[in-house]
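Quick look at final_12.txt (compact mmCIF, C-alpha atoms):
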# COMPACT_ATOMS: atom_id res chain seq x y z
CA GLY A 104 -85.42 -146.96 139.74
CA ASP A 105 -82.45 -149.00 138.48
CA SER A 106 -80.53 -148.91 141.83
CA THR A 107 -77.56 -147.11 140.30
CA ILE A 108 -76.76 -143.44 140.42
CA THR A 109 -75.81 -142.06 137.00
CA ALA A 110 -75.93 -138.76 135.11
CA ALA A 111 -79.53 -139.60 134.19
CA ASP A 112 -80.46 -139.15 137.87
CA ARG A 113 -79.41 -135.49 137.90
CA THR A 114 -82.04 -132.82 138.29
CA ILE A 115 -82.20 -129.11 139.01
CA LEU A 116 -83.03 -128.50 142.64
CA GLY A 117 -84.38 -125.32 144.17
CA HIS A 118 -84.01 -121.73 143.09
CA GLY A 119 -81.52 -119.22 144.48
CA PHE A 120 -83.61 -116.15 143.78
CA PRO A 121 -86.60 -115.65 146.09
CA LYS A 122 -90.09 -115.70 144.64
CA TYR A 123 -91.46 -113.33 147.30
CA LEU A 124 -89.97 -110.33 149.10
CA ALA A 125 -91.66 -108.46 151.91
CA GLY A 126 -90.99 -105.50 154.15
CA LEU A 127 -92.69 -103.75 157.03
CA THR A 128 -91.66 -100.44 158.51
CA ASN A 129 -93.32 -98.16 161.01
CA THR A 130 -92.67 -95.42 163.53
CA LEU A 131 -94.61 -95.36 166.78
CA THR A 132 -94.61 -92.28 168.99
CA TYR A 133 -95.83 -91.73 172.51
CA LYS A 134 -95.23 -88.38 174.17
CA SER A 135 -91.46 -87.83 173.82
CA PHE A 136 -90.63 -91.43 172.87
CA ARG A 137 -90.22 -92.68 169.31
CA LEU A 138 -89.80 -96.30 168.24
CA SER A 139 -89.09 -97.10 164.60
CA PHE A 140 -88.45 -100.49 163.06
CA PHE A 141 -87.98 -102.25 159.75
CA PHE A 142 -88.56 -105.95 159.08
CA ASN A 143 -87.70 -107.58 155.78
CA GLY A 144 -88.46 -111.08 154.61
CA VAL A 145 -87.62 -113.47 151.82
CA PHE A 146 -89.82 -116.42 151.00
CA ASP A 147 -89.61 -119.42 148.70
CA ALA A 148 -85.86 -119.36 148.06
CA ASP A 149 -83.27 -122.11 148.39
CA VAL A 150 -79.58 -122.18 149.20
CA LEU A 151 -77.03 -124.83 148.28
CA ASN A 152 -75.09 -125.03 151.54
CA ILE A 153 -71.72 -126.23 150.27
CA ASN A 154 -70.24 -125.60 153.72
CA ARG A 155 -72.13 -128.69 154.92
CA GLU A 156 -70.68 -130.75 152.07
CA ILE A 157 -67.15 -129.62 152.93
CA GLY A 158 -67.70 -130.42 156.60
CA TYR A 159 -69.12 -133.77 155.57
CA ARG A 160 -66.22 -134.55 153.21
CA THR A 161 -63.58 -133.59 155.78
CA ASN A 162 -65.24 -135.60 158.58
CA ARG A 163 -66.17 -132.47 160.54
CA LEU A 164 -69.83 -133.44 160.73
CA GLU A 165 -71.26 -136.44 162.54
CA SER A 166 -73.30 -137.29 159.44
CA ALA A 167 -70.02 -138.24 157.72
CA LEU A 168 -70.24 -141.56 159.59
CA GLU A 169 -73.32 -142.43 157.50
CA ARG A 170 -71.81 -141.77 154.08
CA TRP A 171 -72.05 -144.20 151.22
CA THR A 172 -69.09 -144.91 148.98
CA PRO A 173 -68.35 -147.92 146.79
CA GLU A 174 -66.07 -149.09 149.61
CA THR A 175 -68.79 -148.63 152.28
CA PRO A 176 -72.05 -149.72 150.63
CA GLU A 177 -73.87 -149.94 153.97
CA GLY A 178 -73.87 -146.13 154.20
CA THR A 179 -77.06 -144.21 153.49
CA ARG A 180 -75.70 -140.83 152.34
CA PRO A 181 -74.21 -140.47 148.86
CA PHE A 182 -70.64 -139.24 148.98
CA ARG A 183 -68.70 -139.84 145.77
CA ASN A 184 -69.03 -141.82 142.59
CA HIS A 185 -66.79 -144.58 141.25
CA SER A 186 -64.33 -142.07 139.74
CA GLY A 187 -63.88 -140.24 143.04
CA GLN A 188 -65.96 -137.14 142.18
CA TYR A 189 -67.91 -135.71 145.10
CA TRP A 190 -71.67 -135.56 144.74
CA VAL A 191 -73.80 -132.62 145.64
CA ASN A 192 -77.23 -133.91 146.57
CA ASP A 193 -80.60 -132.65 147.74
CA GLU A 194 -79.61 -132.86 151.40
CA LEU A 195 -77.46 -129.78 150.82
CA VAL A 196 -80.30 -127.69 149.37
CA GLU A 197 -82.00 -125.82 152.21
CA ASP A 198 -84.95 -123.48 152.54
CA ALA A 199 -83.56 -119.95 152.77
CA SER A 200 -86.79 -118.20 153.75
CA PHE A 201 -86.39 -115.74 156.59
CA ILE A 202 -87.76 -112.74 158.40
CA ARG A 203 -85.18 -110.30 159.75
CA LEU A 204 -85.46 -107.40 162.16
CA LYS A 205 -83.24 -105.22 159.98
CA ASN A 206 -83.38 -101.94 161.93
CA ILE A 207 -84.84 -100.79 165.21
CA ALA A 208 -84.37 -97.47 166.98
CA LEU A 209 -85.69 -96.00 170.21
CA SER A 210 -85.31 -92.31 170.98
CA TYR A 211 -86.38 -89.84 173.64
CA ASP A 212 -86.64 -86.07 173.18
CA LEU A 213 -85.59 -84.28 176.34
CA PRO A 214 -87.72 -81.27 177.38
CA VAL A 215 -85.14 -78.55 176.63
CA ASN A 216 -87.64 -75.78 177.45
CA LYS A 217 -88.00 -77.06 181.02
CA MET A 218 -84.26 -77.61 181.35
CA GLY A 219 -83.41 -73.96 180.76
CA LEU A 220 -81.26 -74.64 177.67
CA LYS A 221 -82.20 -71.59 175.60
CA PHE A 222 -79.49 -72.15 172.95
CA VAL A 223 -80.66 -75.74 172.25
CA GLN A 224 -83.77 -76.30 170.11
CA ASN A 225 -83.89 -80.09 170.46
CA LEU A 226 -81.98 -82.71 172.42
CA ARG A 227 -82.59 -86.35 171.57
CA LEU A 228 -81.12 -89.48 173.13
CA TYR A 229 -81.28 -92.58 170.98
CA ALA A 230 -80.21 -96.21 170.67
CA SER A 231 -80.46 -98.31 167.54
CA ALA A 232 -79.53 -101.74 166.28
CA SER A 233 -79.19 -103.26 162.83
CA ASN A 234 -79.66 -106.91 161.86
CA LEU A 235 -80.73 -107.69 165.39
CA TYR A 236 -82.43 -111.04 164.81
CA THR A 237 -83.25 -113.40 161.93
CA TRP A 238 -86.00 -116.02 162.07
CA THR A 239 -85.08 -118.89 159.73
CA ASN A 240 -84.69 -122.65 159.51
CA TYR A 241 -81.47 -122.33 157.51
CA SER A 242 -78.59 -124.17 159.21
CA GLY A 243 -75.81 -121.83 158.00
CA PHE A 244 -74.76 -118.46 159.35
CA ASP A 245 -77.08 -116.40 157.18
CA PRO A 246 -79.75 -117.41 154.63
CA GLU A 247 -79.15 -114.20 152.65
CA VAL A 248 -75.88 -115.33 151.08
CA SER A 249 -74.22 -114.94 147.75
CA SER A 250 -70.79 -116.40 147.09
CA ARG A 251 -68.72 -114.39 144.65
CA VAL A 252 -65.57 -114.87 142.61
CA ASN A 253 -62.67 -115.91 144.81
CA ALA A 254 -59.20 -114.99 143.52
CA THR A 255 -57.52 -118.11 144.90
CA THR A 256 -60.02 -120.72 143.76
CA ASN A 257 -61.53 -118.83 140.79
CA LEU A 258 -65.07 -119.65 141.88
CA ASN A 259 -67.76 -117.81 140.00
CA ILE A 260 -70.97 -118.77 141.72
CA GLY A 261 -73.70 -116.46 142.76
CA SER A 262 -77.04 -116.21 144.47
CA GLY A 263 -78.29 -119.31 146.20
CA VAL A 264 -74.88 -120.75 147.05
CA ASP A 265 -73.26 -120.61 150.48
CA LEU A 266 -69.55 -121.22 150.19
CA TYR A 267 -67.52 -119.57 152.95
CA SER A 268 -69.91 -116.62 153.07
CA TYR A 269 -69.58 -114.28 156.00
CA PRO A 270 -72.65 -113.73 158.17
CA ILE A 271 -74.27 -110.33 158.15
CA GLN A 272 -73.01 -108.27 161.06
CA LYS A 273 -75.05 -106.84 163.88
CA SER A 274 -74.40 -103.26 164.87
CA TYR A 275 -75.46 -101.19 167.83
CA THR A 276 -75.45 -97.40 168.12
CA VAL A 277 -76.07 -95.12 171.05
CA GLY A 278 -76.01 -91.37 170.65
CA VAL A 279 -77.15 -87.87 171.35
CA LYS A 280 -78.54 -85.54 168.70
CA VAL A 281 -78.40 -81.83 169.48
CA LYS A 282 -80.07 -79.16 167.33
CA PHE A 283 -78.94 -75.59 168.00

Once you've parsed the file, please lay out its structure as structure tokens.
Amino acid sequence: GDSTITAADRTILGHGFPKYLAGLTNTLTYKSFRLSFFFNGVFDADVLNINREIGYRTNRLESALERWTPETPEGTRPFRNHSGQYWVNDELVEDASFIRLKNIALSYDLPVNKMGLKFVQNLRLYASASNLYTWTNYSGFDPEVSSRVNATTNLNIGSGVDLYSYPIQKSYTVGVKVKF
């Protein structure tokens, strides 16, 4: 309320560990078809998206045009203090809640008895995918991030911080399972 930003204005924002975790798995069968899936979800968690701050600081984001510094007091976004230190502010804390289709698989058991394959007990064709889709409002690659120690910068930050984290990879598998 005093129109100056000081250390007294600091506060703890968000929480990197989720308050709620959820999962749903099921297998549905119809005749020779089988569909199995697994959804997982995280709710009421926050991430400090430092990638946005770096993009902002290096003029890679359009919002950098709106930054406030002592030299540009008409700006609306805090950028750095009078000693040149960069500020991390509440605009960088994002909701990291999500629901993810973690695994899905579809298979079909071929009728080996009708095919005349006496030496085969079961023949199954299948296709599966992992990390197929994530529903989230998080602006980064993946809301389920955790930055670790980096040998070159000696960063030791953990859950709830997105700093150059790699997104989770999608994978697809197609195969044949034969039981003799």

*asked:* List the spatial neighbours of A:Gly278 as a ChimeraX atom specification - criterion: any atom at most 7 Å away, all atoms listed in the file, same-chain residues fewer than 5 positions off excluded.
replied: /A:228-230

*Please determine the residues with any atom at most 6 Å from (-83.1, -121.4, 148.4) (coordinates as given in the file, with all atoms listed in the file counting) and report them as a count of residues only.*
10

*In Å, how far is it from atom CA of A:Asn206 to atom CA of A:Glu247?*
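Distance between the two atoms: 15.9 Å.
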
*Please identify all polymer residues within 9 Å of A:Lys122, counting only C-alpha atoms, omitting same-chain residues fewer than 5 positions from it, and present them as a ChimeraX atom specification.*
/A:145-148

_For stretch 269-275 of chain A: contacts at 12 Å, all atoms listed in the file, fewer than 4 positions along chain excluded, given as a count of residues only_ = 27

*Of the listed residues A:Asn143, A:Ser210, A:Met218, A:Thr239, that which approaches A:Thr130 most closely, counting only C-alpha atoms*: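 Comparing A:Asn143, A:Ser210, A:Met218, A:Thr239 against A:Thr130, the winner is A:Ser210.
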